[in-house]
Amino acid sequence: MIRVAVADDQALVRSGFAVLLRSAGDIDVVGEASDGSEAVTLVERARPDVILMDIRMPDMDGLEATRRILAARPTSECRVIILTTFDLDQYVYAALTAGASGFLLKHVTPEYLVSAVRLVRSGDALLSPSITRRLVERFAPADPVTVPVHADLGALTPRELEVLRLLAHGLSNAELADRLTLSEATVKTHVGRILTKLQLRDRVQAVVLAYQTGLVGLHERAGE
């Protein structure tokens, strides 16, 4: 069973999501929180695999709660899906940089909600690299020189750095394989090693890091 918690200041939203998730059969809703502080406490107590986190909540917002939860838990544990009513909200970018694994709009269909939880629990990300790039380009600082290079980038091989650059441009595994003349299995191995070496949760975090460190420029196009 996938253990899920729901954090939202609206009781109707919390209960609605809980009912939908429980109907999936393989998901157990282990708790609900009405603000960020309750969410942090809930994660410590109930140890969910995934928490659906609203951004705008009283006392402590979902962004700060996400930071605290992910700073306190190992990378292999609780994953955060941000709930928002606004597509490409600036807070979503901030949440991704804090370690969230993606975001959902609150009017998501029941089927997509369930599949999203399963996807994130499996270790994947809920945002394609191309969408993450749009977020980064819209909200990241325009001057990459002001962002120090991540020390762990030195642990990557030249091939892994090349994969990371192309990943940041939004290329899928199949596109990466075609560009680099590799098998998809080999590409997946490279991506997995990148995530492990950089201690990142998923591909979304890798894309954000590539832009934040200046490894890829905000206006750079794939192949340049």
# chains A, B, ... in the order shown; residues from 1 in each chain; ligands from 1
>>> select_by_dssp(residues="range 18-60 of chain A", states="strand (DSSP E or B)", output="ChimeraX atom specification")
/A:27-33,50-54
>>> residues_around(residues="Asp8 in chain A", least_positions_apart="3", cutoff="8 Å", atoms="only C-alpha atoms", output="MDAnalysis selection string")
chainID A and resid 11 13:14 32:35 53:54 57
>>> select_by_dssp(residues="range 43-89 of chain A", states="helix (DSSP H, G or I)", output="PyMOL selection string")
chain A and resi 43-46+62-72
>>> write_last_selection(atoms="all heavy atoms", output="mmCIF file, in the first residue's frame")
data_model
loop_
_atom_site.group_PDB
_atom_site.id
_atom_site.type_symbol
_atom_site.label_atom_id
_atom_site.label_comp_id
_atom_site.auth_asym_id
_atom_site.auth_seq_id
_atom_site.Cartn_x
_atom_site.Cartn_y
_atom_site.Cartn_z
ATOM 1 N N VAL A 43 3.941 14.244 8.997
ATOM 2 C CA VAL A 43 4.948 13.433 8.304
ATOM 3 C C VAL A 43 5.837 12.705 9.303
ATOM 4 O O VAL A 43 6.173 11.534 9.106
ATOM 5 C CB VAL A 43 5.790 14.317 7.355
ATOM 6 C CG1 VAL A 43 7.012 13.554 6.842
ATOM 7 C CG2 VAL A 43 4.944 14.791 6.186
ATOM 8 N N GLU A 44 6.213 13.380 10.367
ATOM 9 C CA GLU A 44 7.043 12.738 11.389
ATOM 10 C C GLU A 44 6.302 11.595 12.065
ATOM 11 O O GLU A 44 6.899 10.554 12.373
ATOM 12 C CB GLU A 44 7.472 13.772 12.435
ATOM 13 C CG GLU A 44 8.515 14.749 11.940
ATOM 14 C CD GLU A 44 9.817 14.052 11.556
ATOM 15 O OE1 GLU A 44 10.244 13.144 12.291
ATOM 16 O OE2 GLU A 44 10.387 14.410 10.510
ATOM 17 N N ARG A 45 5.004 11.781 12.276
ATOM 18 C CA ARG A 45 4.229 10.782 13.013
ATOM 19 C C ARG A 45 3.776 9.627 12.127
ATOM 20 O O ARG A 45 3.905 8.458 12.501
ATOM 21 C CB ARG A 45 2.991 11.450 13.637
ATOM 22 C CG ARG A 45 2.153 10.502 14.490
ATOM 23 C CD ARG A 45 0.910 11.155 15.035
ATOM 24 N NE ARG A 45 -0.099 11.377 14.005
ATOM 25 C CZ ARG A 45 -0.441 12.569 13.521
ATOM 26 N NH1 ARG A 45 0.155 13.665 13.951
ATOM 27 N NH2 ARG A 45 -1.378 12.677 12.576
ATOM 28 N N ALA A 46 3.252 9.947 10.943
ATOM 29 C CA ALA A 46 2.613 8.923 10.112
ATOM 30 C C ALA A 46 3.537 8.337 9.045
ATOM 31 O O ALA A 46 3.226 7.302 8.464
ATOM 32 C CB ALA A 46 1.361 9.507 9.441
ATOM 33 N N GLY A 62 2.722 26.006 2.613
ATOM 34 C CA GLY A 62 3.196 24.730 2.112
ATOM 35 C C GLY A 62 4.629 24.751 1.633
ATOM 36 O O GLY A 62 5.317 23.723 1.648
ATOM 37 N N LEU A 63 5.104 25.918 1.227
ATOM 38 C CA LEU A 63 6.485 26.028 0.764
ATOM 39 C C LEU A 63 7.468 25.793 1.910
ATOM 40 O O LEU A 63 8.411 25.007 1.796
ATOM 41 C CB LEU A 63 6.703 27.405 0.149
ATOM 42 C CG LEU A 63 8.078 27.695 -0.439
ATOM 43 C CD1 LEU A 63 8.444 26.656 -1.486
ATOM 44 C CD2 LEU A 63 8.111 29.095 -1.026
ATOM 45 N N GLU A 64 7.230 26.464 3.032
ATOM 46 C CA GLU A 64 8.108 26.275 4.191
ATOM 47 C C GLU A 64 7.979 24.862 4.745
ATOM 48 O O GLU A 64 8.974 24.247 5.157
ATOM 49 C CB GLU A 64 7.765 27.302 5.282
ATOM 50 C CG GLU A 64 8.614 27.176 6.552
ATOM 51 C CD GLU A 64 10.105 27.351 6.294
ATOM 52 O OE1 GLU A 64 10.471 28.019 5.310
ATOM 53 O OE2 GLU A 64 10.897 26.817 7.093
ATOM 54 N N ALA A 65 6.762 24.339 4.748
ATOM 55 C CA ALA A 65 6.563 22.963 5.225
ATOM 56 C C ALA A 65 7.333 21.982 4.342
ATOM 57 O O ALA A 65 7.951 21.030 4.847
ATOM 58 C CB ALA A 65 5.076 22.620 5.221
ATOM 59 N N THR A 66 7.310 22.210 3.030
ATOM 60 C CA THR A 66 8.054 21.346 2.112
ATOM 61 C C THR A 66 9.544 21.387 2.419
ATOM 62 O O THR A 66 10.213 20.350 2.468
ATOM 63 C CB THR A 66 7.809 21.785 0.652
ATOM 64 O OG1 THR A 66 6.420 21.592 0.343
ATOM 65 C CG2 THR A 66 8.648 20.987 -0.318
ATOM 66 N N ARG A 67 10.076 22.577 2.612
ATOM 67 C CA ARG A 67 11.496 22.712 2.945
ATOM 68 C C ARG A 67 11.843 21.914 4.195
ATOM 69 O O ARG A 67 12.842 21.186 4.226
ATOM 70 C CB ARG A 67 11.855 24.179 3.160
ATOM 71 C CG ARG A 67 11.833 25.052 1.919
ATOM 72 C CD ARG A 67 12.546 26.375 2.196
ATOM 73 N NE ARG A 67 12.409 27.300 1.093
ATOM 74 C CZ ARG A 67 11.563 28.317 1.070
ATOM 75 N NH1 ARG A 67 10.754 28.539 2.086
ATOM 76 N NH2 ARG A 67 11.517 29.132 0.026
ATOM 77 N N ARG A 68 11.030 22.060 5.221
ATOM 78 C CA ARG A 68 11.334 21.399 6.494
ATOM 79 C C ARG A 68 11.217 19.885 6.388
ATOM 80 O O ARG A 68 12.055 19.149 6.921
ATOM 81 C CB ARG A 68 10.411 21.930 7.590
ATOM 82 C CG ARG A 68 10.616 23.405 7.886
ATOM 83 C CD ARG A 68 9.914 23.834 9.149
ATOM 84 N NE ARG A 68 10.025 25.270 9.354
ATOM 85 C CZ ARG A 68 9.681 25.892 10.486
ATOM 86 N NH1 ARG A 68 9.191 25.195 11.503
ATOM 87 N NH2 ARG A 68 9.812 27.205 10.593
ATOM 88 N N ILE A 69 10.185 19.432 5.696
ATOM 89 C CA ILE A 69 9.973 17.985 5.566
ATOM 90 C C ILE A 69 11.109 17.333 4.793
ATOM 91 O O ILE A 69 11.668 16.314 5.209
ATOM 92 C CB ILE A 69 8.623 17.702 4.873
ATOM 93 C CG1 ILE A 69 7.463 18.049 5.817
ATOM 94 C CG2 ILE A 69 8.531 16.243 4.428
ATOM 95 C CD1 ILE A 69 6.106 18.055 5.143
ATOM 96 N N LEU A 70 11.486 17.936 3.674
ATOM 97 C CA LEU A 70 12.490 17.318 2.824
ATOM 98 C C LEU A 70 13.903 17.501 3.363
ATOM 99 O O LEU A 70 14.797 16.715 3.057
ATOM 100 C CB LEU A 70 12.378 17.860 1.404
ATOM 101 C CG LEU A 70 11.051 17.545 0.718
ATOM 102 C CD1 LEU A 70 11.008 18.122 -0.693
ATOM 103 C CD2 LEU A 70 10.788 16.040 0.680
ATOM 104 N N ALA A 71 14.102 18.529 4.182
ATOM 105 C CA ALA A 71 15.411 18.702 4.815
ATOM 106 C C ALA A 71 15.616 17.677 5.926
ATOM 107 O O ALA A 71 16.745 17.275 6.215
ATOM 108 C CB ALA A 71 15.544 20.112 5.385
ATOM 109 N N ALA A 72 14.510 17.237 6.507
ATOM 110 C CA ALA A 72 14.595 16.324 7.653
ATOM 111 C C ALA A 72 14.566 14.856 7.267
ATOM 112 O O ALA A 72 14.954 13.995 8.044
ATOM 113 C CB ALA A 72 13.445 16.610 8.622
#
>>> atom_distance(atom1="CA of Arg134 in chain A", atom2="CA of Leu176 in chain A")
19.1 Å
>>> residues_around(residues="range 115-117 of chain A", least_positions_apart="3", cutoff="12 Å", atoms="only C-alpha atoms", output="MDAnalysis selection string")
chainID A and resid 1:6 17 20:22 24 26:29 48:52 78:83 101:105 108:112 120:127
